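First the structure, in the form of structure tokens, and then the observations on it.
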Amino acid sequence: MWEEVEKVSDILKIGDRELTSRLFLGTGKFSSNKLIPEVARASGAQVVTVALRRVDLKYEEENIAAFVPKDCILMPNTSGAWNAGEAVRIARLARATGCGNWVKIEVITDNRYLLPDNYETIKATEILAGEGFVVLPYMSPDLMVAKSLVKAGAAAVMPLGSPIGSNRGLKTKELVRILVEEIRLPIVVDAGIGRPSEAAEAMEMGVAAVLVNTAIATAGDPVTMAKAFGMAVEAGRMAYLSGPGDIMDVARASSPLTGFLRDA
Amino acid sequence: MKDDFSMSFYEEIQKYHTFDFDGFFQRLTGTDIKKIIGKNRLNEHDYLALLAPAAENYLEEMAEKAQSLTIRHFGRVILLYTPLYLSNYCVNHCIYCGFQVNNKLDRKKLTMAELEREAEIIAATGLKHVLILTGESRKHSPVSYISECADILKKYFTSISIEIYPLEEDEYAEVIAAGVDGLTIYQEVYDEEVYALMHPAGPKRDYRYRLEAPERTCRAGIRTVNVGTLLGLNNWRTEAFFTGLHADYLQNLFPEVEMSISPPRMRPHLGGFQPMVDVSDRNLVQYMLAFRLFMPRGGITISTRERSELRDYLIRLGATRMSAGSCTAVGGRSEYYSAGQFDISDERSVSEMAKMIYSQGYQPVYKDWQFLSDNA
């Protein structure tokens, strides 16, 4: 398990920031930017990602970044990047325009499934971490890639649950479970989660946080759905934290059968 | 053949030369259509089936699925852009176009100062995506002129698409380097024989050169490509089919590129050519819905050729991009010069369009691209 989590206060530390909410928000699909602060408030989210390609500093009224509450961490993402070089340029541009030093790396060259290019993502992570960015790479769950991302200086690893916008849930569950067990960084499930129950399922497994956009933005009532997601993430987290005891109980339950060997 | 890079869409389309479209349509039953609507992934014959008369009874079912797919993949957002005509000099003889060489109208090409003035007017509306258009004239609007214009427009906009005559691959690379990120090119007619009738003379007569232009531009590194047939020149069902096939072909070959289609219908224009076939609102909607089910992540662009009441409805039926505050005359925003390429139907301003989109429960998006210059 990652060391950053202090179970007593249950703070999630990423970079130099301490988070109490484990729900990250995406913003690309809302019917109005005005929903962003409402959804953030209802869900309790503290990290909000915005595609830099959508940020328009010159048009305040329609500038998506201006709708992110000031007490949230704005995490620009590199949507549109085809390779590491472009992701790096977008990240630098984001920082230069005042979007802070967090960045979600998104390198996609497959418009049909929007699956990330892990190799280019590792390269971009290494460069940007070296430049002092807090780098959260979006990736296809793969243990070796995750290890490379750790080495490259990532602040968290963000495997997909299923393709972006598919609302299909945690199809990559077993692969994500391996990351949770083996990677000493926060694992954030990004993409694919369609229902609060699936967010809870991911949290119960021990992932550090989940990132949701489509499921909230396309709900009939996004604000209430955001609240439901916030509650589900908390419930899942609580279940995870209370879980290890149960697991040990099961392990002990088998010892009465062979306990006599130790007593002998 | 999907991964065969040695072929082009020209070979792909040849396969349908002897295909019995009428027979295929006649064999379809309502059960077939319902089964296709329920599928997760449609093949090209499924798409063709949804364009058939037999599918007309299932438009509501198709619409429900199309709406849900669009919202899931694109969100409740409509990207706004506007066309900017640079020049109406043209050497082609397209019998359906107001700018064709034989039409008497004031020919005009924007100077850089005039372009700047047009750009200022558009930029004041908040738009960040612009589509620049010219007639085909390598003398009056050469590639260097397009690049020069892109260089000016970069100051005002964050995305520049071109709708100009087809170029060579290295020429596409040149305009991309100058800041162009999107290509719109309509084949007009995919049926090669009808194409020849519509284009009696001029360089545009070269069917294959135009057909393969999107492949050249993708190889040159373009980010978005928009293809289409001009509805009204030929049987819309087969033309819609080939348009979708073209988009799908390009998406398979260039998975990184954002693919979209336009379903433009003919509008009144100088010259008075009448459409060969009528394409009704119902036909247009069937085309959009079938395409959405075939390519769930493919963009659908709706221009101001369509009237405002219809455009309002199309937002919920799979549209992803719409033009606003359009003007089809060269320099028409700053000064009146001449006739436009065609008459526009939806004359609402950008802010009126934005208000309408919000009222439909969607968000008008002004900016969805960022130049990636090397010195960023």
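Chain lettering (A, B, ...) mirrors the order of the structure tokens, residue numbering begins at 1 for each chain separately, and ligand numbering begins at 1 in order of display.
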Residues of chain A within 9 Å of chain B: nearest atom pair and distance (Å, one decimal) for each, counting only C-alpha atoms, sorted by chain and number, as a Markdown table?
| residue | atom | partner | partner_atom | distance |
| --- | --- | --- | --- | --- |
| A:Gly28 | CA | B:Gly75 | CA | 6.9 |
| A:Lys29 | CA | B:Gly75 | CA | 3.8 |
| A:Phe30 | CA | B:Arg76 | CA | 5.7 |
| A:Ser31 | CA | B:Tyr362 | CA | 4.4 |
| A:Ser32 | CA | B:Gln363 | CA | 5.1 |
| A:Asn33 | CA | B:Gln363 | CA | 7.7 |
| A:Ala51 | CA | B:Asp368 | CA | 8.5 |
| A:Leu52 | CA | B:Gln370 | CA | 7.3 |
| A:Arg53 | CA | B:Trp369 | CA | 4.4 |
| A:Arg54 | CA | B:Asp368 | CA | 4.7 |
| A:Val55 | CA | B:Lys367 | CA | 7.2 |
| A:Asp56 | CA | B:Lys367 | CA | 6.7 |
| A:Lys58 | CA | B:Gly126 | CA | 8.8 |
| A:Tyr59 | CA | B:Gly126 | CA | 6.8 |
| A:Glu62 | CA | B:Tyr366 | CA | 7.7 |
| A:Asn63 | CA | B:Lys367 | CA | 8.8 |
| A:Gly80 | CA | B:Trp369 | CA | 7.8 |
| A:Trp82 | CA | B:Glu256 | CA | 7.2 |
| A:Glu86 | CA | B:Leu372 | CA | 6.9 |
| A:Arg89 | CA | B:Ala376 | CA | 5.9 |
| A:Ile90 | CA | B:Leu372 | CA | 7.2 |
| A:Arg92 | CA | B:Ala376 | CA | 7.0 |
| A:Leu93 | CA | B:Ala376 | CA | 5.8 |
| A:Ala96 | CA | B:Ala376 | CA | 8.9 |
| A:Ile108 | CA | B:Glu256 | CA | 7.1 |
| A:Thr109 | CA | B:Glu256 | CA | 4.0 |
| A:Asp110 | CA | B:Pro255 | CA | 4.8 |
| A:Asn111 | CA | B:Pro255 | CA | 5.4 |
| A:Arg112 | CA | B:Arg297 | CA | 6.5 |
| A:Tyr113 | CA | B:Arg297 | CA | 8.7 |
| A:Ile164 | CA | B:His73 | CA | 7.9 |
| A:Gly165 | CA | B:Arg72 | CA | 5.4 |
| A:Ser166 | CA | B:Arg72 | CA | 7.0 |
| A:Asn167 | CA | B:Arg72 | CA | 8.1 |
| A:Thr214 | CA | B:Arg72 | CA | 6.4 |
| A:Ala215 | CA | B:Arg72 | CA | 8.3 |
| A:Ala217 | CA | B:Gly75 | CA | 7.2 |
| A:Thr218 | CA | B:Ile71 | CA | 6.6 |
Worksheet item: Which parts of region 115-246 of chain B does DSSP call strand (DSSP E or B) when run on the backbone here, written out as a PyMOL selection string?
Response: chain B and resi 129-134+159-163+182-188+224-229+231
Worksheet item: Nearest to Pro275 (chain B) among B:Ile164, B:Tyr96, B:Ala290, B:Phe241, with distances taken over only C-alpha atoms: which residue is it?
Response: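 Checking each of B:Ile164, B:Tyr96, B:Ala290, B:Phe241 against Pro275 (chain B), counting only C-alpha atoms, the winner is B:Tyr96.
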Practice prompt. Give the alpha helix (DSSP H) residues of region 234-358 of chain B, as assigned by DSSP on the backbone, as a ChimeraX atom specification.
Written response: /B:236-253,281-294,308-314,350-358
Practice prompt. Would you list the contacts of Lys109 (chain B) as number ranges by chain, taking every protein, DNA or RNA residue within 9 Å and counting only C-alpha atoms, but skipping same-chain residues closer than 5 positions in sequence?
Written response: B: 85-89, 134, 140-141, 330-331
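From CA of Ser8 (chain B) back to CA of Ala196 (chain B), the distance works out to 19.9 Å.
Here CA of Glu120 (chain B) and CA of Ser144 (chain B) stand 22.1 Å from one another.
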Show which residues sit within 8 Å of Thr243 (chain B), as a tab-separated table (two decimals) with N, CA and C atoms, in the first residue's frame. Count only C-alpha atoms, and ignore same-chain residues fewer than 3 positions away.
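Printed below is out-v5.tsv as written:
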chain	number	residue	atom	x	y	z
B	190	TYR	N	-20.08	11.16	-54.73
B	190	TYR	CA	-19.20	9.99	-54.72
B	190	TYR	C	-19.37	9.13	-55.96
B	227	VAL	N	-15.59	15.42	-44.00
B	227	VAL	CA	-15.92	15.08	-45.38
B	227	VAL	C	-17.43	15.17	-45.58
B	228	GLY	N	-17.85	15.12	-46.85
B	228	GLY	CA	-19.29	15.19	-47.08
B	228	GLY	C	-19.65	15.10	-48.54
B	229	THR	N	-20.93	14.84	-48.75
B	229	THR	CA	-21.49	14.87	-50.09
B	229	THR	C	-22.47	16.03	-50.10
B	239	GLU	N	-25.13	8.13	-51.53
B	239	GLU	CA	-24.13	9.18	-51.27
B	239	GLU	C	-23.83	9.27	-49.78
B	240	ALA	N	-24.88	9.17	-48.95
B	240	ALA	CA	-24.68	9.19	-47.50
B	240	ALA	C	-23.86	7.97	-47.08
B	246	HIS	N	-16.32	6.65	-46.21
B	246	HIS	CA	-15.11	7.45	-46.36
B	246	HIS	C	-14.56	7.85	-44.98
B	247	ALA	N	-15.46	8.36	-44.13
B	247	ALA	CA	-15.05	8.77	-42.78
B	247	ALA	C	-14.50	7.58	-42.01
B	261	ILE	N	-18.33	14.41	-40.39
B	261	ILE	CA	-19.00	14.58	-41.68
B	261	ILE	C	-19.92	15.79	-41.62
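Proximity to Lys39 (chain B) was assessed for B:Ser334, B:Phe294, B:Tyr10, B:Arg219 counting only C-alpha atoms; the smallest distance is recorded for B:Phe294.
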Practice prompt. Would you kindly return, as an MDAnalysis selection string, each protein, DNA or RNA residue with an atom no farther than 12 Å from any atom of Tyr165 (chain B), considering only C-alpha atoms and excluding same-chain residues fewer than 3 positions away?
Written response: chainID B and resid 87:92 132:138 141:143 146 162 168 171:172 183:187 202:206 209:211 213:214
Same residues, C-alpha atoms, saved as a JSON list (two decimals), in the first residue's frame:
[["chain", "number", "residue", "atom", "x", "y", "z"],
["B", 87, "SER", "CA", -11.59, 34.74, -52.22],
["B", 88, "ASN", "CA", -14.23, 33.86, -54.79],
["B", 89, "TYR", "CA", -11.97, 33.57, -57.84],
["B", 90, "CYS", "CA", -12.57, 30.16, -59.31],
["B", 91, "VAL", "CA", -11.57, 28.29, -62.46],
["B", 92, "ASN", "CA", -14.01, 25.42, -62.01],
["B", 132, "ILE", "CA", -11.49, 29.74, -44.26],
["B", 133, "LEU", "CA", -12.74, 29.19, -47.80],
["B", 134, "THR", "CA", -11.63, 30.01, -51.30],
["B", 135, "GLY", "CA", -12.61, 29.07, -54.80],
["B", 136, "GLU", "CA", -10.09, 27.12, -56.82],
["B", 137, "SER", "CA", -7.56, 29.52, -58.25],
["B", 138, "ARG", "CA", -3.90, 28.83, -57.82],
["B", 141, "SER", "CA", -5.35, 32.22, -53.93],
["B", 142, "PRO", "CA", -2.14, 30.15, -54.06],
["B", 143, "VAL", "CA", -0.94, 28.06, -51.13],
["B", 146, "ILE", "CA", -3.50, 30.62, -47.58],
["B", 162, "ILE", "CA", -9.53, 25.22, -44.53],
["B", 168, "GLU", "CA", -0.47, 18.03, -52.62],
["B", 171, "GLU", "CA", 1.40, 21.77, -49.60],
["B", 172, "TYR", "CA", -0.87, 20.52, -46.84],
["B", 183, "LEU", "CA", -9.59, 20.26, -43.31],
["B", 184, "THR", "CA", -13.08, 20.32, -44.72],
["B", 185, "ILE", "CA", -13.42, 18.90, -48.19],
["B", 186, "TYR", "CA", -16.61, 17.71, -49.79],
["B", 187, "GLN", "CA", -16.39, 15.16, -52.53],
["B", 202, "GLY", "CA", -11.62, 22.62, -64.69],
["B", 203, "PRO", "CA", -9.17, 20.91, -62.36],
["B", 204, "LYS", "CA", -12.00, 19.75, -60.11],
["B", 205, "ARG", "CA", -12.93, 17.31, -62.85],
["B", 206, "ASP", "CA", -10.24, 15.02, -61.44],
["B", 209, "TYR", "CA", -7.40, 13.63, -56.87],
["B", 210, "ARG", "CA", -10.17, 15.19, -54.83],
["B", 211, "LEU", "CA", -11.25, 11.87, -53.28],
["B", 213, "ALA", "CA", -7.16, 14.72, -50.63],
["B", 214, "PRO", "CA", -8.13, 13.77, -47.04]]
Fill in: Closest of A:Pro141, A:Gly132, A:Pro76, A:Gly206 to Cys99 (chain A) - atom-to-atom distances counting only C-alpha atoms
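Residue with the minimum atom-to-atom distance to Cys99 (chain A): A:Pro76.
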